[in-house]
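Below is one structure, written out as structure tokens; comments come after it.
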Amino acid sequence: MLSEPIVLKLPPELRMTDEQFFEFCQINRELRIECNKIGELLIMPPTGSESGNREGNILGQLWVWSEQDGTGITFSSSAGFTLSTGAKRSPDASWIKLERWNSLTPEQQQKFAPICPDFVVELRSPSDNLKPLQE
């Protein structure tokens, strides 16, 4: 099993627009694809079973809290977000205040929403380097 993402470096003229990146991800649904702020494509390996269990537990706890609190909504690792840097990321679990989420158009909500979640959880695997995760 791979532990590091595969990084595809593209020349500037081949970089995709937000719409093209979304379509690329839809065509390649079997892959977990992210894009960093400099336009490199990151093909993420599947998580190990133990990490997947921890991720599921965290997401479950966040969802229960969010449902009880009622001020926001929870997202799984399948949700992608377009950050202000242009990076497109999918944290392991995330939460956004309802007022911020509702300020987006329905079209923005259906794709990789142009919003940074208010709260994110990114699990660190034993093989992960902390610095890239923080960035």
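Going by the structure tokens order, chains are called A, B, ..., each with residues numbered from 1, while ligands are numbered from 1 in the order shown.
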- Item | Spatial neighbours of A:Gln108, 12 Å, only C-alpha atoms, chain gap at least 5 places, as a ChimeraX atom specification | /A:18-19,22,80-82,101-103,113-115
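These are the residues of chain A assigned strand (DSSP E) by DSSP from backbone coordinates: A:Ile6, A:Val7, A:Leu8, A:Arg32, A:Ile33, A:Glu34, A:Cys35, A:Leu41, A:Leu42, A:Ile43, A:Met44, A:Gly72, A:Ile73, A:Thr74, A:Phe75, A:Ser76, A:Phe81, A:Thr82, A:Lys88, A:Arg89, A:Ala93, A:Ser94, A:Trp95, A:Ile96, A:Lys97, A:Phe119, A:Val120, A:Val121.
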- Message: Please list as a PyMOL selection string every residue within 9 Å of A:Val120, counting only C-alpha atoms and excluding residues in the same chain fewer than 5 positions away.
- Response: chain A and resi 91-95
Got time to write the residues from that selection, N, CA and C atoms, as a PDB file, in the first residue's frame?
```
ATOM      1  N   PRO A  91     -10.308  17.405   3.724  1.00  0.00           N
ATOM      2  CA  PRO A  91      -9.877  16.966   5.057  1.00  0.00           C
ATOM      3  C   PRO A  91     -10.619  15.707   5.491  1.00  0.00           C
ATOM      4  N   ASP A  92     -10.067  14.995   6.451  1.00  0.00           N
ATOM      5  CA  ASP A  92     -10.671  13.750   6.922  1.00  0.00           C
ATOM      6  C   ASP A  92     -12.073  13.977   7.489  1.00  0.00           C
ATOM      7  N   ALA A  93     -12.288  15.082   8.170  1.00  0.00           N
ATOM      8  CA  ALA A  93     -13.599  15.479   8.677  1.00  0.00           C
ATOM      9  C   ALA A  93     -13.579  16.998   8.783  1.00  0.00           C
ATOM     10  N   SER A  94     -14.734  17.622   8.556  1.00  0.00           N
ATOM     11  CA  SER A  94     -14.783  19.078   8.647  1.00  0.00           C
ATOM     12  C   SER A  94     -16.175  19.557   9.020  1.00  0.00           C
ATOM     13  N   TRP A  95     -16.250  20.813   9.429  1.00  0.00           N
ATOM     14  CA  TRP A  95     -17.503  21.419   9.893  1.00  0.00           C
ATOM     15  C   TRP A  95     -17.509  22.878   9.463  1.00  0.00           C
TER      16      TRP A  95
END
```
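With only C-alpha atoms as the atoms that count, the minimum distance from A:Met16 to the choices A:Leu31, A:Val64, A:Leu98, A:Ala87 is reached by A:Ala87.
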- Item | Interatomic distance, atom CA of A:Lys37 to atom CA of A:Arg89 (Å, one decimal) | 9.7 Å
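If you count only C-alpha atoms and ignore residues fewer than 4 places along the chain from stretch 9-14 of chain A, what sits within 12 Å of it is Gln20, Phe21, Cys35, Asn36, Lys37, Ile38, Gly39, Glu40, Leu41, Leu42 and Ile43 of chain A.
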Residues from last step as file, N, CA, C and O atoms, as a tab-separated table (two decimals), in the first residue's frame:
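The new file part-v9.tsv reads:
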```
chain	number	residue	atom	x	y	z
A	20	GLN	N	-12.70	22.58	-14.67
A	20	GLN	CA	-12.00	21.46	-15.29
A	20	GLN	C	-11.50	20.47	-14.24
A	20	GLN	O	-11.57	19.26	-14.44
A	21	PHE	N	-11.01	20.98	-13.10
A	21	PHE	CA	-10.54	20.10	-12.04
A	21	PHE	C	-11.70	19.27	-11.49
A	21	PHE	O	-11.57	18.07	-11.27
A	35	CYS	N	-5.46	19.06	-5.07
A	35	CYS	CA	-4.60	19.98	-5.80
A	35	CYS	C	-4.02	20.96	-4.80
A	35	CYS	O	-4.76	21.54	-4.00
A	36	ASN	N	-2.69	21.14	-4.82
A	36	ASN	CA	-2.11	22.09	-3.87
A	36	ASN	C	-2.14	23.51	-4.45
A	36	ASN	O	-2.56	23.72	-5.59
A	37	LYS	N	-1.67	24.47	-3.67
A	37	LYS	CA	-1.79	25.87	-4.07
A	37	LYS	C	-0.92	26.24	-5.28
A	37	LYS	O	-1.16	27.25	-5.91
A	38	ILE	N	0.06	25.39	-5.63
A	38	ILE	CA	0.86	25.71	-6.82
A	38	ILE	C	0.41	24.91	-8.04
A	38	ILE	O	1.07	24.91	-9.07
A	39	GLY	N	-0.74	24.22	-7.91
A	39	GLY	CA	-1.32	23.54	-9.05
A	39	GLY	C	-0.89	22.12	-9.28
A	39	GLY	O	-1.28	21.51	-10.28
A	40	GLU	N	-0.08	21.56	-8.38
A	40	GLU	CA	0.30	20.16	-8.52
A	40	GLU	C	-0.87	19.28	-8.13
A	40	GLU	O	-1.61	19.59	-7.18
A	41	LEU	N	-1.06	18.19	-8.87
A	41	LEU	CA	-2.12	17.24	-8.55
A	41	LEU	C	-1.57	16.20	-7.59
A	41	LEU	O	-0.47	15.69	-7.79
A	42	LEU	N	-2.33	15.89	-6.55
A	42	LEU	CA	-1.93	14.91	-5.55
A	42	LEU	C	-2.89	13.74	-5.62
A	42	LEU	O	-4.09	13.90	-5.40
A	43	ILE	N	-2.37	12.58	-5.97
A	43	ILE	CA	-3.17	11.36	-6.00
A	43	ILE	C	-2.95	10.67	-4.66
A	43	ILE	O	-1.86	10.19	-4.37
```
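Secondary structure by DSSP on the backbone puts the following residues of stretch 68-116 of chain A in helix (DSSP H, G or I): Gln68, Asp69, Leu98, Glu99, Arg100, Trp101, Asn102, Pro106, Glu107, Gln108, Gln109 and Gln110 of chain A.
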Keeping only N, CA, C and O atoms, write the selected residues as a short mmCIF file (atom, residue, chain, number, x, y, z; two decimals), in the first residue's frame.
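Result file follows (result-v9.cif):
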```
data_model
loop_
_atom_site.label_atom_id
_atom_site.label_comp_id
_atom_site.auth_asym_id
_atom_site.auth_seq_id
_atom_site.Cartn_x
_atom_site.Cartn_y
_atom_site.Cartn_z
N GLN A 68 -26.54 17.92 17.42
CA GLN A 68 -27.04 18.42 18.71
C GLN A 68 -26.90 19.93 18.80
O GLN A 68 -27.78 20.61 19.32
N ASP A 69 -25.79 20.46 18.27
CA ASP A 69 -25.51 21.89 18.35
C ASP A 69 -26.40 22.68 17.37
O ASP A 69 -26.92 23.74 17.72
N LEU A 98 -23.46 27.16 9.61
CA LEU A 98 -24.58 27.22 8.66
C LEU A 98 -24.65 28.54 7.92
O LEU A 98 -24.90 28.57 6.71
N GLU A 99 -24.46 29.65 8.61
CA GLU A 99 -24.56 30.96 7.96
C GLU A 99 -23.54 31.12 6.84
O GLU A 99 -23.83 31.69 5.80
N ARG A 100 -22.34 30.58 7.03
CA ARG A 100 -21.31 30.65 5.98
C ARG A 100 -21.68 29.72 4.83
O ARG A 100 -21.55 30.07 3.67
N TRP A 101 -22.12 28.49 5.17
CA TRP A 101 -22.49 27.52 4.14
C TRP A 101 -23.66 28.05 3.31
O TRP A 101 -23.67 27.98 2.09
N ASN A 102 -24.66 28.61 3.97
CA ASN A 102 -25.85 29.11 3.29
C ASN A 102 -25.59 30.36 2.46
O ASN A 102 -26.41 30.73 1.63
N PRO A 106 -26.25 27.48 -4.62
CA PRO A 106 -26.43 26.02 -4.76
C PRO A 106 -25.37 25.40 -5.67
O PRO A 106 -24.89 24.29 -5.39
N GLU A 107 -24.99 26.08 -6.74
CA GLU A 107 -23.95 25.55 -7.64
C GLU A 107 -22.62 25.42 -6.91
O GLU A 107 -21.91 24.43 -7.07
N GLN A 108 -22.26 26.42 -6.10
CA GLN A 108 -21.01 26.35 -5.34
C GLN A 108 -21.05 25.21 -4.33
O GLN A 108 -20.05 24.53 -4.11
N GLN A 109 -22.20 24.96 -3.73
CA GLN A 109 -22.35 23.89 -2.74
C GLN A 109 -22.24 22.51 -3.39
O GLN A 109 -21.82 21.56 -2.74
N GLN A 110 -22.61 22.39 -4.65
CA GLN A 110 -22.62 21.09 -5.32
C GLN A 110 -21.24 20.66 -5.80
O GLN A 110 -21.01 19.48 -6.03
#
```
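Atom pair atom CA of A:Glu135 / atom CA of A:Ala79: separated by 18.8 Å.
The shortest atom-to-atom distance to A:Gly86, with only C-alpha atoms taken into account, belongs to A:Phe112 out of A:Thr74, A:Glu4, A:Phe112, A:Asn129.
Reported to one decimal place, the separation of atom CA of A:Leu8 from atom CA of A:Ile33 is 10.5 Å.
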